[in-house]
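Everything below belongs to model39.pdb, which stores PDB, C-alpha atoms.
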```pdb
ATOM      1  CA  MET H   1      11.423  44.416  12.116
ATOM      2  CA  ALA H   2      13.051  44.806  15.517
ATOM      3  CA  VAL H   3      14.011  48.331  16.472
ATOM      4  CA  ARG H   4      17.521  48.618  17.795
ATOM      5  CA  LYS H   5      17.824  50.835  20.840
ATOM      6  CA  LYS H   6      20.322  53.622  20.525
ATOM      7  CA  ARG H   7      22.813  54.076  23.303
ATOM      8  CA  GLN H   8      22.347  57.466  24.901
ATOM      9  CA  VAL H   9      25.402  59.610  24.346
ATOM     10  CA  GLY H  10      26.737  61.374  27.416
ATOM     11  CA  VAL H  11      24.854  59.179  29.876
ATOM     12  CA  LYS H  12      27.186  57.852  32.539
ATOM     13  CA  GLN H  13      27.067  54.087  32.835
ATOM     14  CA  ASP H  14      26.878  52.598  36.335
ATOM     15  CA  TYR H  15      28.627  49.310  35.671
ATOM     16  CA  THR H  16      28.706  48.358  39.339
ATOM     17  CA  ALA H  17      24.911  48.619  39.551
ATOM     18  CA  GLN H  18      24.617  46.616  36.335
ATOM     19  CA  PHE H  19      26.764  43.849  37.785
ATOM     20  CA  GLN H  20      24.764  43.811  41.014
ATOM     21  CA  LYS H  21      21.590  43.420  38.973
ATOM     22  CA  LEU H  22      23.154  40.622  36.924
ATOM     23  CA  TYR H  23      24.334  38.895  40.099
ATOM     24  CA  GLN H  24      20.773  38.876  41.445
ATOM     25  CA  GLU H  25      19.428  37.564  38.147
ATOM     26  CA  MET H  26      21.931  34.702  38.196
ATOM     27  CA  ARG H  27      20.958  33.466  41.651
ATOM     28  CA  GLY H  28      19.698  29.909  41.375
ATOM     29  CA  LYS H  29      21.107  29.484  37.864
ATOM     30  CA  SER H  30      23.517  26.723  36.914
ATOM     31  CA  SER H  31      27.271  27.253  37.018
ATOM     32  CA  LYS H  32      27.378  27.079  33.236
ATOM     33  CA  GLU H  33      24.743  29.815  32.880
ATOM     34  CA  LYS H  34      26.546  32.002  35.402
ATOM     35  CA  GLN H  35      29.853  31.477  33.672
ATOM     36  CA  GLU H  36      28.455  32.495  30.286
ATOM     37  CA  ALA H  37      26.661  35.559  31.671
ATOM     38  CA  TYR H  38      29.646  36.775  33.691
ATOM     39  CA  LYS H  39      32.032  36.113  30.821
ATOM     40  CA  LYS H  40      29.882  38.249  28.515
ATOM     41  CA  PHE H  41      29.674  41.023  31.110
ATOM     42  CA  TYR H  42      33.417  40.900  31.761
ATOM     43  CA  LYS H  43      34.249  41.194  28.067
ATOM     44  CA  ARG H  44      31.946  44.212  27.768
ATOM     45  CA  ILE H  45      33.363  46.171  30.692
ATOM     46  CA  ALA H  46      36.928  45.130  29.825
ATOM     47  CA  LYS H  47      36.538  46.771  26.408
ATOM     48  CA  VAL H  48      35.319  49.980  28.062
ATOM     49  CA  ALA H  49      38.215  49.895  30.529
ATOM     50  CA  ASP H  50      40.741  49.348  27.739
ATOM     51  CA  GLN H  51      39.321  52.306  25.815
ATOM     52  CA  ARG H  52      39.956  54.440  28.891
ATOM     53  CA  LEU H  53      43.499  53.114  29.199
ATOM     54  CA  ASN H  54      44.100  54.087  25.572
ATOM     55  CA  GLU H  55      42.646  57.535  26.239
ATOM     56  CA  ILE H  56      44.891  58.049  29.261
ATOM     57  CA  GLU H  57      47.976  57.014  27.287
ATOM     58  CA  GLN H  58      47.163  59.559  24.585
ATOM     59  CA  LEU H  59      46.361  62.296  27.109
ATOM     60  CA  ALA H  60      49.643  61.690  28.920
ATOM     61  CA  LYS H  61      51.463  62.964  25.827
ATOM     62  CA  LYS H  62      49.731  66.349  26.019
ATOM     63  CA  PRO H  63      50.855  69.367  28.083
ATOM     64  CA  GLY H  64      49.297  69.485  31.530
ATOM     65  CA  TYR H  65      48.482  65.784  31.639
ATOM     66  CA  LYS H  66      51.877  64.309  32.479
ATOM     67  CA  LYS H  67      50.694  62.959  35.822
ATOM     68  CA  ILE H  68      47.565  61.291  34.509
ATOM     69  CA  LYS H  69      49.185  57.836  34.408
ATOM     70  CA  GLN H  70      50.114  57.952  38.097
ATOM     71  CA  TRP H  71      46.606  57.408  39.453
ATOM     72  CA  ALA H  72      43.894  54.974  38.286
ATOM     73  CA  TYR H  73      46.029  53.952  35.291
ATOM     74  CA  LYS H  74      48.896  52.876  37.530
ATOM     75  CA  VAL H  75      46.559  50.824  39.730
ATOM     76  CA  ALA H  76      44.988  49.254  36.620
ATOM     77  CA  MET H  77      48.385  48.184  35.282
ATOM     78  CA  ARG H  78      49.177  46.534  38.612
ATOM     79  CA  GLU H  79      45.811  44.742  38.622
ATOM     80  CA  ILE H  80      46.230  43.554  35.020
ATOM     81  CA  LYS H  81      49.659  42.189  35.851
ATOM     82  CA  GLY H  82      48.189  40.346  38.841
ATOM     83  CA  MET H  83      45.381  38.936  36.699
ATOM     84  CA  TYR H  84      47.258  37.945  33.557
ATOM     85  CA  GLY H  85      50.946  38.024  34.375
ATOM     86  CA  GLU H  86      54.012  40.002  33.368
ATOM     87  CA  GLY H  87      53.699  41.763  30.031
ATOM     88  CA  ALA H  88      49.894  42.035  30.036
ATOM     89  CA  LYS H  89      48.702  45.615  29.515
ATOM     90  CA  ARG H  90      44.974  45.341  28.890
ATOM     91  CA  PHE H  91      41.917  43.940  30.676
ATOM     92  CA  ASN H  92      40.281  42.442  27.581
ATOM     93  CA  ARG H  93      41.766  38.962  27.664
ATOM     94  CA  LYS H  94      40.267  35.520  28.134
ATOM     95  CA  PRO H  95      38.634  35.538  31.587
ATOM     96  CA  PRO H  96      39.188  32.618  33.992
ATOM     97  CA  SER H  97      36.715  29.728  34.016
ATOM     98  CA  ASP H  98      36.660  29.589  37.824
ATOM     99  CA  LEU H  99      33.642  31.605  39.018
ATOM    100  CA  ARG H 100      35.345  33.012  42.105
ATOM    101  CA  MET H 101      38.248  34.276  40.015
ATOM    102  CA  MET H 102      35.750  35.665  37.526
ATOM    103  CA  TYR H 103      34.053  37.670  40.316
ATOM    104  CA  LYS H 104      37.422  38.961  41.460
ATOM    105  CA  ASN H 105      38.466  40.037  37.970
ATOM    106  CA  ILE H 106      35.131  41.733  37.309
ATOM    107  CA  ASN H 107      35.471  43.681  40.550
ATOM    108  CA  ARG H 108      38.993  44.753  39.597
ATOM    109  CA  VAL H 109      37.713  46.217  36.341
ATOM    110  CA  LEU H 110      34.738  47.833  38.097
ATOM    111  CA  GLN H 111      37.066  49.454  40.615
ATOM    112  CA  PHE H 112      39.037  51.024  37.776
ATOM    113  CA  LEU H 113      35.913  52.227  35.961
ATOM    114  CA  ALA H 114      34.553  53.756  39.179
ATOM    115  CA  SER H 115      37.707  55.796  39.759
ATOM    116  CA  PRO H 116      37.376  59.472  38.753
ATOM    117  CA  THR H 117      40.917  59.393  37.377
ATOM    118  CA  SER H 118      40.114  56.621  34.900
ATOM    119  CA  SER H 119      38.895  59.133  32.298
ATOM    120  CA  LYS H 120      39.562  62.676  31.114
ATOM    121  CA  GLN H 121      35.981  63.667  31.843
ATOM    122  CA  GLY H 122      36.240  62.359  35.389
ATOM    123  CA  ILE H 123      39.458  64.237  36.032
ATOM    124  CA  ASN H 124      38.092  67.478  34.642
ATOM    125  CA  GLU H 125      34.798  67.205  36.507
ATOM    126  CA  VAL H 126      36.197  66.137  39.854
ATOM    127  CA  TYR H 127      39.649  67.637  40.211
ATOM    128  CA  GLU H 128      39.266  70.976  38.449
ATOM    129  CA  LYS H 129      36.200  71.730  40.562
ATOM    130  CA  ARG H 130      37.958  70.560  43.703
ATOM    131  CA  ALA H 131      41.003  72.696  42.893
ATOM    132  CA  GLN H 132      38.786  75.775  42.700
ATOM    133  CA  THR H 133      36.925  74.878  45.891
ATOM    134  CA  ILE H 134      40.108  74.185  47.851
ATOM    135  CA  SER H 135      41.686  77.417  46.640
ATOM    136  CA  ILE H 136      38.633  79.460  47.662
ATOM    137  CA  ASN H 137      37.871  77.722  50.966
ATOM    138  CA  TYR H 138      41.346  76.872  52.236
ATOM    139  CA  GLY H 139      43.678  79.245  50.414
ATOM    140  CA  ILE H 140      45.784  76.392  49.056
ATOM    141  CA  ASP H 141      47.116  77.000  45.560
ATOM    142  CA  LEU H 142      46.734  73.702  43.688
ATOM    143  CA  ASP H 143      46.115  72.953  40.034
ATOM    144  CA  TRP H 144      44.001  69.961  38.991
ATOM    145  CA  SER H 145      46.991  67.601  38.800
ATOM    146  CA  ASN H 146      48.083  68.486  42.336
ATOM    147  CA  VAL H 147      44.548  67.907  43.580
ATOM    148  CA  GLY H 148      44.686  64.476  41.979
ATOM    149  CA  ASP H 149      47.939  63.789  43.801
ATOM    150  CA  LEU H 150      46.368  64.931  47.062
ATOM    151  CA  PHE H 151      43.204  62.842  46.915
ATOM    152  CA  GLU H 152      44.938  59.768  45.493
ATOM    153  CA  SER H 153      47.759  59.927  48.061
ATOM    154  CA  THR H 154      48.257  57.297  50.739
ATOM    155  CA  LEU H 155      48.396  60.038  53.366
ATOM    156  CA  TYR H 156      45.014  61.521  52.486
ATOM    157  CA  LYS H 157      43.335  58.114  52.330
ATOM    158  CA  LYS H 158      44.634  57.319  55.814
ATOM    159  CA  VAL H 159      43.835  60.629  57.511
ATOM    160  CA  ASP H 160      40.521  61.429  55.798
ATOM    161  CA  ALA H 161      38.646  58.745  57.738
ATOM    162  CA  LYS H 162      40.270  59.714  61.028
ATOM    163  CA  TYR H 163      40.194  63.522  60.897
ATOM    164  CA  GLY H 164      37.618  64.303  58.221
ATOM    165  CA  SER H 165      38.222  65.813  54.795
ATOM    166  CA  LYS H 166      38.124  69.471  55.900
ATOM    167  CA  THR H 167      40.670  69.092  58.701
ATOM    168  CA  ALA H 168      42.879  66.819  56.599
ATOM    169  CA  ILE H 169      43.040  69.307  53.714
ATOM    170  CA  GLN H 170      43.623  72.293  56.004
ATOM    171  CA  ALA H 171      46.381  70.472  57.875
ATOM    172  CA  ILE H 172      48.122  69.416  54.674
ATOM    173  CA  GLY H 173      47.812  72.986  53.383
ATOM    174  CA  LEU H 174      49.456  74.405  56.503
ATOM    175  CA  ILE H 175      52.286  71.908  56.204
ATOM    176  CA  GLN H 176      52.646  72.685  52.496
ATOM    177  CA  ALA H 177      52.999  76.387  53.340
ATOM    178  CA  ASP H 178      56.195  75.502  55.228
ATOM    179  CA  LYS H 179      57.143  72.787  52.757
ATOM    180  CA  LYS H 180      60.902  73.375  52.485
ATOM    181  CA  LYS H 181      61.415  73.404  56.245
ATOM    182  CA  VAL H 182      59.348  70.243  56.695
ATOM    183  CA  GLN H 183      61.070  68.400  53.858
ATOM    184  CA  ARG H 184      64.497  69.326  55.203
ATOM    185  CA  ALA H 185      63.594  68.022  58.666
ATOM    186  CA  LEU H 186      62.197  64.797  57.208
ATOM    187  CA  LYS H 187      65.287  64.294  55.063
ATOM    188  CA  GLU H 188      67.605  64.858  58.023
ATOM    189  CA  GLN H 189      65.327  62.722  60.225
ATOM    190  CA  LYS H 190      64.964  65.514  62.741
ATOM    191  CA  PRO H 191      61.852  66.027  64.885
ATOM    192  CA  ILE H 192      59.633  68.879  63.747
ATOM    193  CA  SER H 193      56.509  70.486  65.144
ATOM    194  CA  MET H 194      54.268  73.425  64.293
ATOM    195  CA  HIS H 195      52.105  75.613  66.494
ATOM    196  CA  ILE H 196      48.595  76.281  65.183
ATOM    197  CA  GLU H 197      46.113  78.310  67.234
ATOM    198  CA  ASP H 198      43.170  76.084  66.374
ATOM    199  CA  ALA H 199      43.434  73.091  68.729
ATOM    200  CA  ASP H 200      42.014  70.512  66.304
ATOM    201  CA  LEU H 201      44.238  71.657  63.459
ATOM    202  CA  ASN H 202      47.252  71.821  65.745
ATOM    203  CA  HIS H 203      46.609  68.222  66.793
ATOM    204  CA  ALA H 204      46.188  67.052  63.191
ATOM    205  CA  VAL H 205      49.230  68.885  61.804
ATOM    206  CA  ASN H 206      51.584  67.605  64.473
ATOM    207  CA  ASN H 207      50.220  64.079  64.238
ATOM    208  CA  PHE H 208      50.861  64.143  60.486
ATOM    209  CA  LEU H 209      54.420  65.345  61.126
ATOM    210  CA  HIS H 210      55.042  62.689  63.760
ATOM    211  CA  TYR H 211      53.110  59.577  62.712
ATOM    212  CA  TYR H 212      52.842  59.862  58.922
ATOM    213  CA  LYS H 213      56.344  60.981  57.949
ATOM    214  CA  LYS H 214      56.835  58.615  55.028
ATOM    215  CA  ASP H 215      53.410  59.265  53.497
ATOM    216  CA  LEU H 216      53.707  63.013  54.094
ATOM    217  CA  ASN H 217      57.129  63.194  52.484
ATOM    218  CA  SER H 218      55.859  61.288  49.461
ATOM    219  CA  LEU H 219      52.969  63.735  49.006
ATOM    220  CA  LEU H 220      55.087  66.866  49.493
ATOM    221  CA  LYS H 221      57.321  65.777  46.620
ATOM    222  CA  LYS H 222      54.296  65.986  44.317
ATOM    223  CA  ILE H 223      52.404  69.087  45.427
TER     224      ILE H 223
END
```

As structure tokens, how would this structure be written, given the file I've shared?
Amino acid sequence: MAVRKKRQVGVKQDYTAQFQKLYQEMRGKSSKEKQEAYKKFYKRIAKVADQRLNEIEQLAKKPGYKKIKQWAYKVAMREIKGMYGEGAKRFNRKPPSDLRMMYKNINRVLQFLASPTSSKQGINEVYEKRAQTISINYGIDLDWSNVGDLFESTLYKKVDAKYGSKTAIQAIGLIQADKKKVQRALKEQKPISMHIEDADLNHAVNNFLHYYKKDLNSLLKKI
């Protein structure tokens, strides 16, 4: 009698690595074989993704988790709409027969699953720890939901690559410390600058105030 392998509880699944392995295995196979294999894989990861969407929807009803639908969930809803049209709210639907579209849809689901904000565990592990680290290292008072807003923001994604995470966070923290003044200037469309003794930080802060006004204003409304 065949022994059924038990799925290890608590072991994080690397679905991207699994797909890469499957992709290599399918090289040289017929289109029909590829289609069947990718369809099976898509259905499997789509079910996992939909379970996470359900979890997020339930968590959003609880105190302290109001913002949880603004991150990976929001992106997922946009992707699902693009894949299956208006009214669609879940990934687990009939996948396309075209292989290129199948690849694209699989990658959309994988992107959602790889996001730390696609699950409660990911949020707790990543953002609560980051909130503590940022508070200790940079003196910025953020709770886990604000940290999520920070790292998922358009501003941070743009400036992280250019200035580095440390400088970006410090600069945003300095701006946040004078939040009301900055927001008033942005609202009234008046020029604003800050003087910081550290040359690198001074450069970053004033560049944020000058070149990233829209993205900065959007973030300041949340943190």

I'd like the residues picked by the PyMOL selection byres ((chain H and resi 59) around 12) written out as a list in words, using the chain letters and numbers from the file.
Arg52, Leu53, Asn54, Glu55, Ile56, Glu57, Gln58, Ala60, Lys61, Lys62, Pro63, Gly64, Tyr65, Lys66, Lys67, Ile68, Lys69, Tyr73, Thr117, Ser118, Ser119, Lys120, Gln121 and Ile123 of chain H

Rank nothing, just name the residue among H:Ala161, H:Ala76, H:Leu174, H:Ile223 nearest to Glu197 in chain H, using only C-alpha atoms.
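Ranked by minimum distance to Glu197 in chain H, first place goes to H:Leu174.
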
For Ile192 in chain H, work out the shell of residues within 12 Å, counting only C-alpha atoms and skipping chain neighbours fewer than 5 positions away, then give it as a PyMOL selection string.
chain H and resi 175+178-179+181-187+205-211+213

Take the PyMOL selection byres ((chain H and resi 111) around 12), apply it to the structure above, and return the hits as an mmCIF file with C-alpha atoms, keeping the file's coordinate frame.
```cif
data_model
loop_
_atom_site.group_PDB
_atom_site.id
_atom_site.type_symbol
_atom_site.label_atom_id
_atom_site.label_comp_id
_atom_site.auth_asym_id
_atom_site.auth_seq_id
_atom_site.Cartn_x
_atom_site.Cartn_y
_atom_site.Cartn_z
ATOM 1 C CA ASP H 14 26.878 52.598 36.335
ATOM 2 C CA TYR H 15 28.627 49.310 35.671
ATOM 3 C CA THR H 16 28.706 48.358 39.339
ATOM 4 C CA ILE H 45 33.363 46.171 30.692
ATOM 5 C CA ALA H 46 36.928 45.130 29.825
ATOM 6 C CA ALA H 49 38.215 49.895 30.529
ATOM 7 C CA ALA H 72 43.894 54.974 38.286
ATOM 8 C CA TYR H 73 46.029 53.952 35.291
ATOM 9 C CA VAL H 75 46.559 50.824 39.730
ATOM 10 C CA ALA H 76 44.988 49.254 36.620
ATOM 11 C CA GLU H 79 45.811 44.742 38.622
ATOM 12 C CA LYS H 104 37.422 38.961 41.460
ATOM 13 C CA ASN H 105 38.466 40.037 37.970
ATOM 14 C CA ILE H 106 35.131 41.733 37.309
ATOM 15 C CA ASN H 107 35.471 43.681 40.550
ATOM 16 C CA ARG H 108 38.993 44.753 39.597
ATOM 17 C CA VAL H 109 37.713 46.217 36.341
ATOM 18 C CA LEU H 110 34.738 47.833 38.097
ATOM 19 C CA PHE H 112 39.037 51.024 37.776
ATOM 20 C CA LEU H 113 35.913 52.227 35.961
ATOM 21 C CA ALA H 114 34.553 53.756 39.179
ATOM 22 C CA SER H 115 37.707 55.796 39.759
ATOM 23 C CA PRO H 116 37.376 59.472 38.753
ATOM 24 C CA THR H 117 40.917 59.393 37.377
ATOM 25 C CA SER H 118 40.114 56.621 34.900
#
```

Which of H:Glu25, H:Phe91, H:Ala204, H:Asn146 sits closest to Tyr42 in chain H [using all atoms listed in the file]
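Smallest separation from Tyr42 in chain H among the options: H:Phe91.
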
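Reported to one decimal place, the separation of CA of Gly122 in chain H from CA of Gln18 in chain H is 19.6 Å.
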
Apply the PyMOL selection byres ((chain H and resi 149) around 8) to the structure shown and report the selected residues as a list in words.
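Answer for the PyMOL selection byres ((chain H and resi 149) around 8): Trp71, Ser145, Asn146, Val147, Gly148, Leu150, Phe151, Glu152, Ser153, Leu219, Lys222 and Ile223 of chain H.
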
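Among the candidates H:Gly164, H:Tyr156, H:Leu22, H:Ile169, the one nearest to Thr133 in chain H when counting all atoms listed in the file is H:Ile169.
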
In Å to one decimal, how far is CA of Lys81 in chain H from CA of Arg44 in chain H?
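Computing the Euclidean distance for CA of Arg44 in chain H and CA of Lys81 in chain H yields 19.6 Å.
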
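Rounded to one decimal, CA of Glu125 in chain H and CA of Ala168 in chain H lie 21.7 Å from each other.
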
Select, counting only C-alpha atoms, all protein, DNA and RNA residues no farther than 10 Å from (42.7, 76.6, 51.2) in file coordinates, and express the selection as a PDB file with C-alpha atoms, in the frame of the given file.
```pdb
ATOM      1  CA  ALA H 131      41.003  72.696  42.893  1.00  0.00           C
ATOM      2  CA  GLN H 132      38.786  75.775  42.700  1.00  0.00           C
ATOM      3  CA  THR H 133      36.925  74.878  45.891  1.00  0.00           C
ATOM      4  CA  ILE H 134      40.108  74.185  47.851  1.00  0.00           C
ATOM      5  CA  SER H 135      41.686  77.417  46.640  1.00  0.00           C
ATOM      6  CA  ILE H 136      38.633  79.460  47.662  1.00  0.00           C
ATOM      7  CA  ASN H 137      37.871  77.722  50.966  1.00  0.00           C
ATOM      8  CA  TYR H 138      41.346  76.872  52.236  1.00  0.00           C
ATOM      9  CA  GLY H 139      43.678  79.245  50.414  1.00  0.00           C
ATOM     10  CA  ILE H 140      45.784  76.392  49.056  1.00  0.00           C
ATOM     11  CA  ASP H 141      47.116  77.000  45.560  1.00  0.00           C
ATOM     12  CA  LEU H 142      46.734  73.702  43.688  1.00  0.00           C
ATOM     13  CA  LYS H 166      38.124  69.471  55.900  1.00  0.00           C
ATOM     14  CA  ILE H 169      43.040  69.307  53.714  1.00  0.00           C
ATOM     15  CA  GLN H 170      43.623  72.293  56.004  1.00  0.00           C
ATOM     16  CA  ALA H 171      46.381  70.472  57.875  1.00  0.00           C
ATOM     17  CA  ILE H 172      48.122  69.416  54.674  1.00  0.00           C
ATOM     18  CA  GLY H 173      47.812  72.986  53.383  1.00  0.00           C
ATOM     19  CA  LEU H 174      49.456  74.405  56.503  1.00  0.00           C
TER      20      LEU H 174
END
```

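When only C-alpha atoms are used to compute distances to Thr167 in chain H, the closest of the residues H:Asp143, H:Asp200, H:Asp215, H:Asp50 turns out to be H:Asp200.
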
Choose the residue, out of H:Lys214, H:Lys21, H:Lys74, H:Arg100, that has the smallest atom-to-atom separation from Leu155 in chain H; count only C-alpha atoms.
H:Lys214

With distances taken over all atoms listed in the file, which residue among H:Arg78, H:Lys129, H:Lys43, H:Lys190 lies nearest Lys94 in chain H?
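Using all atoms listed in the file, the shortest distance to Lys94 in chain H belongs to H:Lys43.
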
Could you extract range 61-83 of chain H of the given structure into a file holding N, CA and C atoms, as a short mmCIF file (atom, residue, chain, number, x, y, z; two decimals), in the first residue's frame?
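The new file selection_8.cif reads:
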```cif
data_model
loop_
_atom_site.label_atom_id
_atom_site.label_comp_id
_atom_site.auth_asym_id
_atom_site.auth_seq_id
_atom_site.Cartn_x
_atom_site.Cartn_y
_atom_site.Cartn_z
N LYS H 61 -11.75 42.84 9.47
CA LYS H 61 -12.89 43.15 10.34
C LYS H 61 -12.48 43.31 11.80
N LYS H 62 -11.23 42.92 12.10
CA LYS H 62 -10.76 42.95 13.48
C LYS H 62 -10.01 44.24 13.79
N PRO H 63 -10.05 44.67 15.06
CA PRO H 63 -9.33 45.89 15.46
C PRO H 63 -7.84 45.79 15.17
N GLY H 64 -7.28 46.86 14.64
CA GLY H 64 -5.86 46.90 14.36
C GLY H 64 -5.48 46.41 12.98
N TYR H 65 -6.45 45.86 12.25
CA TYR H 65 -6.14 45.32 10.92
C TYR H 65 -6.92 46.03 9.80
N LYS H 66 -7.40 47.22 10.08
CA LYS H 66 -8.21 47.92 9.09
C LYS H 66 -7.49 48.16 7.77
N LYS H 67 -6.18 48.38 7.85
CA LYS H 67 -5.42 48.73 6.65
C LYS H 67 -4.95 47.53 5.84
N ILE H 68 -5.22 46.34 6.33
CA ILE H 68 -4.64 45.15 5.73
C ILE H 68 -5.04 44.93 4.27
N LYS H 69 -6.19 45.49 3.87
CA LYS H 69 -6.65 45.30 2.49
C LYS H 69 -6.06 46.34 1.53
N GLN H 70 -5.24 47.23 2.04
CA GLN H 70 -4.69 48.29 1.19
C GLN H 70 -3.39 47.89 0.49
N TRP H 71 -2.83 46.74 0.85
CA TRP H 71 -1.51 46.38 0.33
C TRP H 71 -1.61 45.27 -0.71
N ALA H 72 -1.10 44.08 -0.40
CA ALA H 72 -1.09 42.98 -1.37
C ALA H 72 -2.51 42.64 -1.85
N TYR H 73 -3.48 42.73 -0.95
CA TYR H 73 -4.87 42.43 -1.30
C TYR H 73 -5.36 43.35 -2.41
N LYS H 74 -5.07 44.63 -2.27
CA LYS H 74 -5.51 45.61 -3.25
C LYS H 74 -4.89 45.34 -4.62
N VAL H 75 -3.61 45.00 -4.62
CA VAL H 75 -2.91 44.67 -5.87
C VAL H 75 -3.52 43.40 -6.48
N ALA H 76 -3.82 42.41 -5.63
CA ALA H 76 -4.40 41.16 -6.10
C ALA H 76 -5.76 41.39 -6.77
N MET H 77 -6.58 42.24 -6.17
CA MET H 77 -7.89 42.54 -6.75
C MET H 77 -7.75 43.18 -8.13
N ARG H 78 -6.76 44.05 -8.26
CA ARG H 78 -6.52 44.70 -9.55
C ARG H 78 -6.05 43.68 -10.59
N GLU H 79 -5.18 42.76 -10.16
CA GLU H 79 -4.68 41.72 -11.07
C GLU H 79 -5.81 40.78 -11.50
N ILE H 80 -6.64 40.39 -10.55
CA ILE H 80 -7.76 39.48 -10.85
C ILE H 80 -8.72 40.13 -11.85
N LYS H 81 -8.97 41.40 -11.65
CA LYS H 81 -9.83 42.14 -12.57
C LYS H 81 -9.23 42.16 -13.97
N GLY H 82 -7.90 42.36 -14.04
CA GLY H 82 -7.22 42.37 -15.33
C GLY H 82 -7.22 41.01 -16.00
N MET H 83 -7.19 39.95 -15.19
CA MET H 83 -7.16 38.59 -15.72
C MET H 83 -8.54 38.10 -16.16
#
```
